[in-house]
Amino acid sequence: METRLALVRRARRMNRILAETYPDAHCELDFTNPLELLVATILSAQCTDKRVNMVTPTLFAKYPTVEDYAAADPSEMEGIIKSTGFFRAKTNSIIGMAQAVSAKHGGVVPRRLTDLVALPGVGRKTANVVLGNAFGVPGLTVDTHFQRLVRRFGWTDETDPVKIERVVGELIPKREWTVFSHRVIWHGRRICHARTPACGVCPLAALCPSYGTGPTEAAKAAKLVRPGPFS
DNA sequence: ATCCCGAGGG
DNA sequence: CCCTCTGGAT
């Protein structure tokens, strides 16, 4: 059983290695404007950031302000964002979010987590992305990558994002929460994949309790694999 | 086939 | 906890 002290030390080392490995980890939805970042993040659900970035110029030109989104014609907006998938739900979310921001916050995107999460289509992950990357408020963005990695790191098996934030928040300094989230997510995208993690080239191998317990690339190629504690 | 830096509803 | 929503890339 790992002691609390050992756990904290290991977490700090992992964070340091991630920082060295991904020195320029950042939000790939590169908007400093809160409204733009909020809309782009809503669009990014189950869709690559590249594809989101292909529609945002057209979208932001047509809807420059909260009021423009609030008064938007749904079918027109669907046409613009169609290629990002889930376009009906996303259109409803964006218009509903804008109407709520207009009615409850005077057309200004709120800076508080509770206010952001209360907006239609805005969950905890999206809210923390906006807080961290547009408002400079530290936040852990617990997406599917983050969730998977902290489990493999042996930090927590919790699935509830709030509980995960609480556990990780005690291991990582608050002022690094935002960039730490990006490091973890970048690592998940590049090496610590859901099905077949590339443990052979992982810079965290020596510190990872899940090292070697997952399917190898060779086994995967031979189709002899069932991911154990993975997924 | 499987995945993409999710959210809402049952 | 489950399901659904969607198109595009690999």
# chains A, B, ... in the order shown; residues from 1 in each chain; ligands from 1
call {"tool": "interface_residues", "arguments": {"of": "chain B", "to": "chain A", "cutoff": "8 Å", "atoms": "only C-alpha atoms (C1' of nucleotides)", "output": "PDB file with all heavy atoms, in the first residue's frame"}}
result
ATOM      1  P    DC B   4     -10.941   8.844 -28.351  1.00  0.00           P
ATOM      2  OP1  DC B   4      -9.666   9.028 -27.653  1.00  0.00           O
ATOM      3  OP2  DC B   4     -12.128   8.431 -27.594  1.00  0.00           O
ATOM      4  O5'  DC B   4     -11.312  10.211 -29.107  1.00  0.00           O
ATOM      5  C5'  DC B   4     -10.373  10.775 -30.008  1.00  0.00           C
ATOM      6  C4'  DC B   4     -11.059  11.881 -30.777  1.00  0.00           C
ATOM      7  O4'  DC B   4     -12.163  11.330 -31.507  1.00  0.00           O
ATOM      8  C3'  DC B   4     -11.633  12.987 -29.871  1.00  0.00           C
ATOM      9  O3'  DC B   4     -11.133  14.248 -30.293  1.00  0.00           O
ATOM     10  C2'  DC B   4     -13.149  12.891 -30.081  1.00  0.00           C
ATOM     11  C1'  DC B   4     -13.260  12.230 -31.439  1.00  0.00           C
ATOM     12  N1   DC B   4     -14.484  11.418 -31.646  1.00  0.00           N
ATOM     13  C2   DC B   4     -15.320  11.729 -32.728  1.00  0.00           C
ATOM     14  O2   DC B   4     -15.045  12.681 -33.458  1.00  0.00           O
ATOM     15  N3   DC B   4     -16.426  10.981 -32.926  1.00  0.00           N
ATOM     16  C4   DC B   4     -16.703   9.946 -32.115  1.00  0.00           C
ATOM     17  N4   DC B   4     -17.801   9.219 -32.362  1.00  0.00           N
ATOM     18  C5   DC B   4     -15.866   9.613 -31.008  1.00  0.00           C
ATOM     19  C6   DC B   4     -14.774  10.364 -30.819  1.00  0.00           C
ATOM     20  P    DC B   5      -9.715  14.730 -29.616  1.00  0.00           P
ATOM     21  OP1  DC B   5      -9.295  15.989 -30.300  1.00  0.00           O
ATOM     22  OP2  DC B   5      -8.806  13.573 -29.552  1.00  0.00           O
ATOM     23  O5'  DC B   5     -10.141  15.073 -28.153  1.00  0.00           O
ATOM     24  C5'  DC B   5     -11.242  15.877 -27.835  1.00  0.00           C
ATOM     25  C4'  DC B   5     -11.572  15.684 -26.374  1.00  0.00           C
ATOM     26  O4'  DC B   5     -10.353  15.883 -25.640  1.00  0.00           O
ATOM     27  C3'  DC B   5     -12.568  16.700 -25.872  1.00  0.00           C
ATOM     28  O3'  DC B   5     -13.297  16.166 -24.755  1.00  0.00           O
ATOM     29  C2'  DC B   5     -11.698  17.838 -25.430  1.00  0.00           C
ATOM     30  C1'  DC B   5     -10.444  17.114 -24.916  1.00  0.00           C
ATOM     31  N1   DC B   5      -9.213  17.912 -25.142  1.00  0.00           N
ATOM     32  C2   DC B   5      -8.954  19.045 -24.358  1.00  0.00           C
ATOM     33  O2   DC B   5      -9.773  19.362 -23.506  1.00  0.00           O
ATOM     34  N3   DC B   5      -7.838  19.769 -24.576  1.00  0.00           N
ATOM     35  C4   DC B   5      -6.981  19.401 -25.528  1.00  0.00           C
ATOM     36  N4   DC B   5      -5.894  20.145 -25.703  1.00  0.00           N
ATOM     37  C5   DC B   5      -7.208  18.249 -26.341  1.00  0.00           C
ATOM     38  C6   DC B   5      -8.325  17.536 -26.110  1.00  0.00           C
ATOM     39  P    DG B   6     -14.527  15.093 -25.189  1.00  0.00           P
ATOM     40  OP1  DG B   6     -14.431  13.913 -24.352  1.00  0.00           O
ATOM     41  OP2  DG B   6     -14.535  14.969 -26.652  1.00  0.00           O
ATOM     42  O5'  DG B   6     -15.865  15.872 -24.818  1.00  0.00           O
ATOM     43  C5'  DG B   6     -16.141  16.303 -23.520  1.00  0.00           C
ATOM     44  C4'  DG B   6     -17.458  17.054 -23.549  1.00  0.00           C
ATOM     45  O4'  DG B   6     -18.421  16.330 -24.338  1.00  0.00           O
ATOM     46  C3'  DG B   6     -18.069  17.237 -22.171  1.00  0.00           C
ATOM     47  O3'  DG B   6     -18.751  18.482 -22.192  1.00  0.00           O
ATOM     48  C2'  DG B   6     -18.971  16.022 -22.061  1.00  0.00           C
ATOM     49  C1'  DG B   6     -19.471  15.870 -23.503  1.00  0.00           C
ATOM     50  N9   DG B   6     -19.782  14.502 -23.909  1.00  0.00           N
ATOM     51  C8   DG B   6     -19.066  13.380 -23.621  1.00  0.00           C
ATOM     52  N7   DG B   6     -19.582  12.305 -24.132  1.00  0.00           N
ATOM     53  C5   DG B   6     -20.709  12.746 -24.799  1.00  0.00           C
ATOM     54  C6   DG B   6     -21.671  12.034 -25.559  1.00  0.00           C
ATOM     55  O6   DG B   6     -21.718  10.824 -25.781  1.00  0.00           O
ATOM     56  N1   DG B   6     -22.649  12.883 -26.073  1.00  0.00           N
ATOM     57  C2   DG B   6     -22.684  14.237 -25.897  1.00  0.00           C
ATOM     58  N2   DG B   6     -23.685  14.887 -26.466  1.00  0.00           N
ATOM     59  N3   DG B   6     -21.792  14.915 -25.198  1.00  0.00           N
ATOM     60  C4   DG B   6     -20.839  14.103 -24.674  1.00  0.00           C
ATOM     61  P    DA B   7     -19.374  18.954 -20.834  1.00  0.00           P
ATOM     62  OP1  DA B   7     -19.209  20.420 -20.834  1.00  0.00           O
ATOM     63  OP2  DA B   7     -18.873  18.144 -19.723  1.00  0.00           O
ATOM     64  O5'  DA B   7     -20.923  18.618 -21.054  1.00  0.00           O
ATOM     65  C5'  DA B   7     -21.627  19.316 -22.057  1.00  0.00           C
ATOM     66  C4'  DA B   7     -23.081  18.911 -22.103  1.00  0.00           C
ATOM     67  O4'  DA B   7     -23.187  17.562 -22.590  1.00  0.00           O
ATOM     68  C3'  DA B   7     -23.801  18.952 -20.755  1.00  0.00           C
ATOM     69  O3'  DA B   7     -24.989  19.689 -20.938  1.00  0.00           O
ATOM     70  C2'  DA B   7     -24.051  17.481 -20.435  1.00  0.00           C
ATOM     71  C1'  DA B   7     -24.109  16.842 -21.810  1.00  0.00           C
ATOM     72  N9   DA B   7     -23.670  15.443 -21.846  1.00  0.00           N
ATOM     73  C8   DA B   7     -22.573  14.908 -21.232  1.00  0.00           C
ATOM     74  N7   DA B   7     -22.406  13.623 -21.462  1.00  0.00           N
ATOM     75  C5   DA B   7     -23.475  13.301 -22.282  1.00  0.00           C
ATOM     76  C6   DA B   7     -23.873  12.092 -22.879  1.00  0.00           C
ATOM     77  N6   DA B   7     -23.204  10.943 -22.726  1.00  0.00           N
ATOM     78  N1   DA B   7     -24.976  12.099 -23.652  1.00  0.00           N
ATOM     79  C2   DA B   7     -25.646  13.257 -23.811  1.00  0.00           C
ATOM     80  N3   DA B   7     -25.364  14.460 -23.303  1.00  0.00           N
ATOM     81  C4   DA B   7     -24.257  14.409 -22.534  1.00  0.00           C
ATOM     82  P    DG B   8     -25.956  19.954 -19.747  1.00  0.00           P
ATOM     83  OP1  DG B   8     -26.469  21.325 -19.905  1.00  0.00           O
ATOM     84  OP2  DG B   8     -25.282  19.520 -18.510  1.00  0.00           O
ATOM     85  O5'  DG B   8     -27.139  18.939 -20.074  1.00  0.00           O
ATOM     86  C5'  DG B   8     -27.748  19.009 -21.363  1.00  0.00           C
ATOM     87  C4'  DG B   8     -28.802  17.930 -21.498  1.00  0.00           C
ATOM     88  O4'  DG B   8     -28.163  16.637 -21.629  1.00  0.00           O
ATOM     89  C3'  DG B   8     -29.720  17.819 -20.283  1.00  0.00           C
ATOM     90  O3'  DG B   8     -31.049  17.650 -20.757  1.00  0.00           O
ATOM     91  C2'  DG B   8     -29.230  16.567 -19.563  1.00  0.00           C
ATOM     92  C1'  DG B   8     -28.755  15.726 -20.736  1.00  0.00           C
ATOM     93  N9   DG B   8     -27.737  14.738 -20.389  1.00  0.00           N
ATOM     94  C8   DG B   8     -26.658  14.906 -19.559  1.00  0.00           C
ATOM     95  N7   DG B   8     -25.921  13.841 -19.440  1.00  0.00           N
ATOM     96  C5   DG B   8     -26.548  12.899 -20.252  1.00  0.00           C
ATOM     97  C6   DG B   8     -26.213  11.553 -20.536  1.00  0.00           C
ATOM     98  O6   DG B   8     -25.258  10.898 -20.109  1.00  0.00           O
ATOM     99  N1   DG B   8     -27.127  10.961 -21.411  1.00  0.00           N
ATOM    100  C2   DG B   8     -28.213  11.591 -21.940  1.00  0.00           C
ATOM    101  N2   DG B   8     -28.974  10.874 -22.760  1.00  0.00           N
ATOM    102  N3   DG B   8     -28.541  12.858 -21.694  1.00  0.00           N
ATOM    103  C4   DG B   8     -27.665  13.445 -20.840  1.00  0.00           C
TER     104       DG B   8
END
call {"tool": "interface_residues", "arguments": {"of": "chain C", "to": "chain A", "cutoff": "9 Å", "atoms": "only C-alpha atoms (C1' of nucleotides)", "output": "list of chain:residue names"}}
result
C:DC5, C:DT6, C:DG7, C:DG8
call {"tool": "write_last_selection", "arguments": {"atoms": "N, CA, C and O atoms (P, O5', C5', C4', C3', O3' and C1' of nucleotides)", "output": "PDB file, in the first residue's frame"}}
result
ATOM      1  P    DC C   5     -31.053   9.153 -31.096  1.00  0.00           P
ATOM      2  O5'  DC C   5     -30.283  10.547 -31.208  1.00  0.00           O
ATOM      3  C5'  DC C   5     -30.748  11.674 -30.450  1.00  0.00           C
ATOM      4  C4'  DC C   5     -29.624  12.692 -30.357  1.00  0.00           C
ATOM      5  C3'  DC C   5     -28.932  12.960 -31.709  1.00  0.00           C
ATOM      6  O3'  DC C   5     -28.926  14.342 -31.935  1.00  0.00           O
ATOM      7  C1'  DC C   5     -27.346  12.597 -29.998  1.00  0.00           C
ATOM      8  P    DT C   6     -29.227  14.906 -33.408  1.00  0.00           P
ATOM      9  O5'  DT C   6     -27.832  14.699 -34.138  1.00  0.00           O
ATOM     10  C5'  DT C   6     -27.666  13.703 -35.104  1.00  0.00           C
ATOM     11  C4'  DT C   6     -26.266  13.853 -35.630  1.00  0.00           C
ATOM     12  C3'  DT C   6     -25.945  12.938 -36.808  1.00  0.00           C
ATOM     13  O3'  DT C   6     -25.762  13.797 -37.941  1.00  0.00           O
ATOM     14  C1'  DT C   6     -24.152  13.041 -35.266  1.00  0.00           C
ATOM     15  P    DG C   7     -25.681  13.287 -39.425  1.00  0.00           P
ATOM     16  O5'  DG C   7     -24.200  13.707 -39.850  1.00  0.00           O
ATOM     17  C5'  DG C   7     -23.813  15.051 -39.669  1.00  0.00           C
ATOM     18  C4'  DG C   7     -22.305  15.148 -39.675  1.00  0.00           C
ATOM     19  C3'  DG C   7     -21.646  14.535 -40.921  1.00  0.00           C
ATOM     20  O3'  DG C   7     -20.734  15.490 -41.425  1.00  0.00           O
ATOM     21  C1'  DG C   7     -20.666  13.649 -38.941  1.00  0.00           C
ATOM     22  P    DG C   8     -19.977  15.224 -42.845  1.00  0.00           P
ATOM     23  O5'  DG C   8     -18.506  14.845 -42.400  1.00  0.00           O
ATOM     24  C5'  DG C   8     -17.813  15.716 -41.527  1.00  0.00           C
ATOM     25  C4'  DG C   8     -16.522  15.081 -41.075  1.00  0.00           C
ATOM     26  C3'  DG C   8     -15.733  14.370 -42.187  1.00  0.00           C
ATOM     27  O3'  DG C   8     -14.378  14.713 -42.011  1.00  0.00           O
ATOM     28  C1'  DG C   8     -16.066  12.907 -40.394  1.00  0.00           C
TER      29       DG C   8
END
call {"tool": "atom_distance", "arguments": {"atom1": "atom CA of A:Arg151", "atom2": "atom CA of A:Thr178"}}
result
18.8 Å
call {"tool": "select_by_dssp", "arguments": {"residues": "stretch 124-196 of chain A", "states": "helix (DSSP H, G or I)", "output": "ChimeraX atom specification"}}
result
/A:124-134,144-152,161-169,174-190
call {"tool": "atom_distance", "arguments": {"atom1": "atom CA of A:Pro203", "atom2": "atom CA of A:His26"}}
result
19.1 Å
call {"tool": "atom_distance", "arguments": {"atom1": "atom C1' of C:DC1", "atom2": "atom CA of A:Thr159"}}
result
11.3 Å
